[in-house]
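Below you'll find the structure, written out as structure tokens, and then a few comments.
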Amino acid sequence: MKRSAIIIMLLILSTAANAADRVVLLEDFTNCGCGPCWSFEPTLNAFISNHPTDLAVVRPHVSWPSSSDPIYLANPAEQNYRRSVYGVNSVPWIQFDGTIKASNSSGGLISAFNSRMAVPCHLDISVENYVSYGSGTIQITLIAEEDLGDTDLKVHAIIVESGIPGVGYFASSTFEQAFREELFGVTGQAVSFGPSYPDTVVVSVDYDTGSWVFENLHLAVFVQNHASSGTEVHNAWYDYLGAVTGIEGDEPEELNIDELVIQVSPNPSNGNISVTVGELFEGTGVLTIYDTSGRCIANGIAHENAASHFEIDETGVYFARVTSGGKVATSRVVVVR
């Protein structure tokens, strides 16, 4: 499936906010040929049902005991990577927030979850889905309220599907929250914050759900440390894929704009530029100037067919980007001073 990603880092200069609400990531490594996995399924499902708003659930499948597990075979590379992060060598294997391997019991699940909920959270995650039924663009906003203490952070966005007819031990039931795709590729997308806080990073990625049942899809987003010091998940986010909409399903027809048109002049320039955008959804859009590292230089509201003026202080290559009604246009800007 086609993937593309754009990172825009917006430096927000304001006072520190209160701690963010934590959503705990639960990863259940399983396999259709695993009897203990099937036996534990009712306990695990009951626990998940009791946490509809503070738990993100991803169930990667592994290649054993059954090498014909259909979920595993549909995407072995990305599920093998999740397994390698923790060194999973048995199933069922329940991992909470990348740090706690829970025992396979109701008490073990509760204890691991409570331990993670007690850890202060300083990363806020919000998601918008600009969707045309079955495909679209996910925009993820990450706000670090303070230094998270890790230097090798990656954001992951994983689509999971429920209600899939089971096979093997699961033949009388369905696979729930089954791993389908990591939108940022096998290892996720690197992100960084600072040096001033709070600091905001906005990450966008395209998706296409293909033959999956759209109504049964959830999106799990989380930021995880991948340094040698550990694999802690700093926070997660979870909801139905179709429920998170910046623009509703048939919006492209309503918008009735083939593409956004952005014009920068002069280009090249001495740093004083004028940015004009053509037809916009409801007459406005968000205009951002950023450098080649993704750091925001300036931003503001774009108005239809009206020029916005910016001054860039340093020689270099920059990009002007406008978003409106789920559509995006970008223009390269060269500054010579």
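In the structure tokens, chains take letters A, B, ... by order of appearance, with residues numbered from 1 within each chain and ligands from 1 in the order shown.
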- Message: Excluding Gln79 in chain A and its own-chain neighbours fewer than 4 positions away, which residues fall within 9 Å of it when counting only C-alpha atoms? Please give them as a ChimeraX atom specification.
- Response: /A:60-62,72,75,83-84,179-182,186
- Task: Enumerate as a ChimeraX atom specification all residues of range 169-290 of chain A assigned to strand (DSSP E) by DSSP on the backbone, naming them with the chain letters and numbers the document uses.
- Result: /A:174-175,178-182,189-191,199-208,217-225,233-240,262-265,272-277,284-290
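Counting only C-alpha atoms, the residue from A:Val221, A:Ile71, A:Val213, A:Val334 that sits nearest to Gly271 in chain A is A:Val334.
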Could you make a table, as CSV, of the residues of range 177-287 of chain A that have an atom within 9 Å of an atom of range 95-113 of chain A, each with its nearest atom pair and distance in Å to one decimal, counting only C-alpha atoms, in chain and number order?
```
residue,atom,partner,partner_atom,distance
A:Gln224,CA,A:Gly98,CA,7.7
A:Asn225,CA,A:Gly98,CA,8.8
A:Gly230,CA,A:Thr99,CA,7.6
A:Thr231,CA,A:Gly98,CA,5.3
A:Glu232,CA,A:Gly98,CA,4.9
A:Val233,CA,A:Asp97,CA,4.8
A:His234,CA,A:Asp97,CA,7.6
A:Asn235,CA,A:Asp97,CA,7.8
A:Ala236,CA,A:Asp97,CA,8.4
```
Please produce a file of those selected residues containing C-alpha atoms, as a compact mmCIF listing (two decimals), in the first residue's frame.
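And here is the file that came out, out33.txt:
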```txt
# COMPACT_ATOMS: atom_id res chain seq x y z
CA GLN A 224 7.87 4.81 21.83
CA ASN A 225 11.49 4.98 22.89
CA GLY A 230 14.42 0.76 27.02
CA THR A 231 11.21 0.53 25.02
CA GLU A 232 8.83 2.70 27.03
CA VAL A 233 5.68 4.00 25.32
CA HIS A 234 5.20 7.60 26.44
CA ASN A 235 1.54 7.72 25.48
CA ALA A 236 -0.97 6.21 23.06
```
- Item | helix (DSSP H, G or I) call set, DSSP backbone run, range 47-260 of chain A, as number ranges by chain | A: 47-49, 70-74, 76-86, 106-117, 168-170, 214-216, 241-243, 251-255
- Using only C-alpha atoms: which of A:Pro266, A:Pro165, A:Gly300, A:Gly285 has the shortest distance to Arg332 in chain A: A:Pro266
